[in-house]
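Trainee: Quick one: the structure is below, questions incoming.
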Amino acid sequence: MQTKLINFKKYSSFKIGGTLEVALLENNFSNIADYYLIGSCNNTLVGDNPPALMMLSKKYDYIRVEDGVLKIGGATPSGKIASFCKKHNIANFEFVSHLPGKLGGLVYMNAGLKEFEIFNTLLELRTTDGVLKKEQIKYGYRFTDIKKPILEASFELESGFSSQKVAMFKKMRANQPSTPSAGSCFKNPQGDYAGRLIEAVGLRGVMRGDMCFSSEHANFLVNTANGTYKDAMWLIEEAKKRVFKEFAIKLECEIVILDREYRDGV
Ligand SMILES: Cc1cc2nc3c(=O)[nH]c(=O)nc-3n(C[C@H](O)[C@H](O)[C@H](O)COP(=O)(O)OP(=O)(O)OC[C@H]3O[C@@H](n4cnc5c(N)ncnc54)[C@H](O)[C@@H]3O)c2cc1C
């Protein structure tokens with residue numbers, strides 16, 4: 001596989017990580033099991049000892065209407081999807097204008113805002129192992145059981161792009177910090193909010209090096225300057241420990257932690 005040198009301190013939304021050689025996945029799928037697949041690392045904390053990484057090549061960066069369905073390549077950024085839908089008056093993708101990531105990452109995470117999730121209008125996926133129909137996939141809140149790299153996804157095509165929805169999503173984002181983060185750090189436990197629990201155990205705004213759970217939104221772990229993987233992990237483990245001790249709730253990371261030494265990691 002061809003490779004590309006990526007500085008994760010610039011590339012990842014957390015602005016954490018070293019400069020690493022990343023393999024480019026194009027047509028040869030023979031040794032993909034040796035690598036961990038990344039998208040644009042908007043939901044990923046890159047560790048000090050990450051596994052070998054790969055990403056889809058530019059070949060998978062496209063969006064088009066074909067045979068009455070919307071086909072999007074796995075490497076297509078959310079901004080491009082949003083602009084295409086606006087330009088061609090296509091409904092149901094307004095929420096992605098406020099969701100950073102590439103199509104593969106959005107689908108794998110079943111990313112969304114409230115009830116608007118990427119799976120809502122999904123029809124099928126093309127993976128390195130063939131076609132997967134929506135009915136064959138288990139999915140839920142920020143969860144899917146997809147095991148293979150997503151090369152392309154097909155969606156129902158409906159006309160009617162809504163600028164009101166874009167404005168509504170923009171408003172929903174208003175309380176989110178603009179400091180580097182990866183969005184929500186933990187999944188909300190059933191019937192509760194991770195941010196409320198983090199605040200209740202006294203971790204909102206507490207600095208560890210340059211990292212903290214934001215005082216604007218406690219479930220956002222933010223990098224205020226030169227935050228490190230170790231400090232991020234200290235806060236994550238501390239939040240899990242304190243919340244379990246006080247509420248007997250096991251917080252589950254929404255972010256993906258890429259480090260060989262992390263026990264829940266890859
Ligand atoms: C400021 C901010 C706000 C956010 N708000 C939200 C929000 O409101 N709702 C929400 O859902 N998310 C939110 N996120 C998280 C992020 O936008 C989504 O998780 C997005 O889907 C990440 O896409 P990515 O390409 O960056 O994936 P990455 O972070 O690179 O990868 C995430 C996971 O997807 C897998 N993956 C990536 N590409 C593929 C592929 N082609 N095939 C199979 N698996 C793949 C990776 O292996 C990894 O496990 C936010 C992030 C930030 C920085």
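Each chain of the structure tokens is named A, B, ... in the order shown, its residues numbered from 1; ligands are numbered from 1 in display order.
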Within 6 Å of ligand 1 (counting only C-alpha atoms and all ligand atoms), which residues show up? I'd like them as a VMD selection string.
Mentor: chain A and resid 13 37 to 44 74 99 to 102 104 to 106 108 to 109 111 to 113 148 to 151 181 to 183 256
Trainee: Using the chain letters and numbers from this document, which residues of region 5-229 of chain A does DSSP assign to strand (DSSP E), as number ranges by chain?
Mentor: A: 5-7, 19-25, 36-38, 44-46, 53-56, 63-66, 69-73, 112-113, 116-117, 122-127, 130-133, 139-140, 143-144, 150-156, 211-213, 221-223
Trainee: Could I get the residues of region 70-183 of chain A with an atom no further than 8 Å from an atom of region 194-218 of chain A, each paired with its nearest atom pair and that distance in Å to one decimal, using only C-alpha atoms, sorted by chain and residue number, as CSV?
Mentor:
```
residue,atom,partner,partner_atom,distance
A:Asn175,CA,A:Glu216,CA,6.7
A:Gln176,CA,A:His217,CA,6.3
A:Pro177,CA,A:Glu216,CA,6.2
```
Trainee: Using only C-alpha atoms, which residues of region 124-229 of chain A come within 9 Å of region 80-98 of chain A, and what is the closest atom pair for each, with the distance in Å to one decimal? Give it as JSON lines, sorted by chain and residue number.
Mentor:
```
{"residue": "A:Leu157", "atom": "CA", "partner": "A:Ile90", "partner_atom": "CA", "distance": 7.0}
{"residue": "A:Glu158", "atom": "CA", "partner": "A:Ala91", "partner_atom": "CA", "distance": 5.5}
{"residue": "A:Ser159", "atom": "CA", "partner": "A:Ile90", "partner_atom": "CA", "distance": 4.4}
{"residue": "A:Gly160", "atom": "CA", "partner": "A:Ala91", "partner_atom": "CA", "distance": 4.7}
{"residue": "A:Phe161", "atom": "CA", "partner": "A:Ala91", "partner_atom": "CA", "distance": 4.3}
{"residue": "A:Ser162", "atom": "CA", "partner": "A:Ala91", "partner_atom": "CA", "distance": 6.8}
{"residue": "A:Ser163", "atom": "CA", "partner": "A:Glu94", "partner_atom": "CA", "distance": 7.8}
{"residue": "A:Lys165", "atom": "CA", "partner": "A:Glu94", "partner_atom": "CA", "distance": 6.4}
{"residue": "A:Val166", "atom": "CA", "partner": "A:Glu94", "partner_atom": "CA", "distance": 5.5}
{"residue": "A:Phe169", "atom": "CA", "partner": "A:Phe95", "partner_atom": "CA", "distance": 6.2}
{"residue": "A:Lys170", "atom": "CA", "partner": "A:His98", "partner_atom": "CA", "distance": 6.9}
{"residue": "A:Arg173", "atom": "CA", "partner": "A:His98", "partner_atom": "CA", "distance": 7.7}
```
Trainee: Ranking A:Ile16, A:Leu25, A:Leu70, A:Ile32 by minimum distance to Asp231 (chain A) and counting only C-alpha atoms, which one comes first?
Mentor: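 Of the candidates, the smallest distance to Asp231 (chain A) is held by A:Ile16.
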Trainee: Looking at only C-alpha atoms, which of A:Ala52, A:Leu5, A:Leu258, A:Ala153 is the one that sits closest to Thr76 (chain A)?
Mentor: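 Of A:Ala52, A:Leu5, A:Leu258, A:Ala153, the one nearest Thr76 (chain A), counting only C-alpha atoms, is A:Ala153.
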Trainee: Near Gln190 (chain A), counting only C-alpha atoms, which residues have an atom at most 12 Å away, once you skip same-chain residues fewer than 5 positions from it, shown as a VMD selection string?
Mentor: chain A and resid 141 249 to 252
Trainee: Between CA of Glu152 (chain A) and CA of Leu103 (chain A), what is the spacing in Å?
Mentor: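 Between CA of Leu103 (chain A) and CA of Glu152 (chain A) the gap works out to 8.2 Å.
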Trainee: Show which residues sit within 9 Å of Asp48 (chain A), as number ranges by chain. Count only C-alpha atoms, and ignore same-chain residues fewer than 4 positions away.
Mentor: A: 17-18, 228-230, 258-260
Trainee: Tell me which protein, DNA and RNA residues are within 10 Å of Ile6 (chain A), counting only C-alpha atoms, leaving out same-chain ones fewer than 5 positions away, and put them as a CSV table (one decimal) with N, CA and C atoms, in the first residue's frame.
Mentor:
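New file out-v8.csv:
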```csv
chain,number,residue,atom,x,y,z
A,11,TYR,N,-3.8,17.2,12.2
A,11,TYR,CA,-4.9,16.5,11.5
A,11,TYR,C,-6.1,16.2,12.4
A,12,SER,N,-5.9,15.8,13.6
A,12,SER,CA,-7.0,15.3,14.5
A,12,SER,C,-7.7,16.5,15.1
A,17,GLY,N,-1.2,14.1,19.0
A,17,GLY,CA,-0.6,12.9,18.3
A,17,GLY,C,0.7,13.3,17.6
A,18,GLY,N,1.4,12.2,17.2
A,18,GLY,CA,2.7,12.4,16.6
A,18,GLY,C,2.5,12.4,15.0
A,19,THR,N,3.7,12.4,14.3
A,19,THR,CA,3.6,12.4,12.9
A,19,THR,C,3.8,10.9,12.5
A,20,LEU,N,2.9,10.4,11.8
A,20,LEU,CA,2.9,8.9,11.5
A,20,LEU,C,2.7,8.6,10.0
A,21,GLU,N,3.2,7.5,9.6
A,21,GLU,CA,3.0,7.0,8.2
A,21,GLU,C,1.7,6.3,8.2
A,22,VAL,N,0.8,6.7,7.3
A,22,VAL,CA,-0.6,6.1,7.3
A,22,VAL,C,-0.7,5.4,5.9
```
Trainee: Extract the full set of alpha helix (DSSP H) residues from region 35-230 of chain A according to DSSP on the backbone, and format it as a PyMOL selection string.
Mentor: chain A and resi 78-87+103-108+163-172+194-200+229-230
Trainee: Restricting it to C-alpha atoms, dump the selection as an mmCIF file, in the first residue's frame.
Mentor:
```cif
data_model
loop_
_atom_site.group_PDB
_atom_site.id
_atom_site.type_symbol
_atom_site.label_atom_id
_atom_site.label_comp_id
_atom_site.auth_asym_id
_atom_site.auth_seq_id
_atom_site.Cartn_x
_atom_site.Cartn_y
_atom_site.Cartn_z
ATOM 1 C CA SER A 78 -19.302 16.040 5.650
ATOM 2 C CA GLY A 79 -18.937 19.622 4.349
ATOM 3 C CA LYS A 80 -18.907 18.370 0.768
ATOM 4 C CA ILE A 81 -22.021 16.238 1.424
ATOM 5 C CA ALA A 82 -23.851 19.241 2.903
ATOM 6 C CA SER A 83 -22.912 21.548 -0.026
ATOM 7 C CA PHE A 84 -23.926 18.957 -2.621
ATOM 8 C CA CYS A 85 -27.328 18.452 -0.960
ATOM 9 C CA LYS A 86 -27.894 22.193 -0.762
ATOM 10 C CA LYS A 87 -26.927 22.716 -4.414
ATOM 11 C CA LEU A 103 -18.780 9.529 5.339
ATOM 12 C CA GLY A 104 -17.160 6.255 6.525
ATOM 13 C CA GLY A 105 -16.699 7.607 10.060
ATOM 14 C CA LEU A 106 -20.205 9.117 10.121
ATOM 15 C CA VAL A 107 -21.752 5.769 9.161
ATOM 16 C CA TYR A 108 -19.537 3.633 11.403
ATOM 17 C CA SER A 163 -32.364 26.063 5.330
ATOM 18 C CA GLN A 164 -34.554 26.215 8.473
ATOM 19 C CA LYS A 165 -33.140 22.868 9.583
ATOM 20 C CA VAL A 166 -29.581 24.121 8.998
ATOM 21 C CA ALA A 167 -30.379 27.133 11.204
ATOM 22 C CA MET A 168 -31.908 24.843 13.856
ATOM 23 C CA PHE A 169 -28.786 22.622 13.920
ATOM 24 C CA LYS A 170 -26.564 25.685 14.139
ATOM 25 C CA LYS A 171 -28.545 26.830 17.180
ATOM 26 C CA MET A 172 -28.207 23.387 18.813
ATOM 27 C CA ALA A 194 -22.616 12.186 30.867
ATOM 28 C CA GLY A 195 -22.019 15.948 31.241
ATOM 29 C CA ARG A 196 -24.267 16.122 34.311
ATOM 30 C CA LEU A 197 -22.415 13.191 35.921
ATOM 31 C CA ILE A 198 -18.974 14.674 35.196
ATOM 32 C CA GLU A 199 -20.081 17.941 36.765
ATOM 33 C CA ALA A 200 -21.602 16.135 39.766
ATOM 34 C CA TYR A 229 -2.603 11.893 25.374
ATOM 35 C CA LYS A 230 -1.555 11.030 28.947
#
```
Trainee: Choose the residue, out of A:Lys187, A:Lys147, A:Lys4, A:Arg142, that has the smallest atom-to-atom separation from Leu125 (chain A); count only C-alpha atoms.
Mentor: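 When distances to Leu125 (chain A) are compared using only C-alpha atoms, the smallest one comes from A:Lys147.
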Trainee: Smallest atom-to-atom distance to Ser178 (chain A): which of A:Tyr262, A:Val222, A:Ala33, A:Lys9, using only C-alpha atoms?
Mentor: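 Residue with the minimum atom-to-atom distance to Ser178 (chain A): A:Val222.
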Trainee: Do a neighbour search on Asn27 (chain A) at 12 Å with only C-alpha atoms, toss out local chain neighbours closer than 2 positions, and write the hits as an MDAnalysis selection string.
Mentor: chainID A and resid 1:2 24:25 29:32 56:60 127:128 151
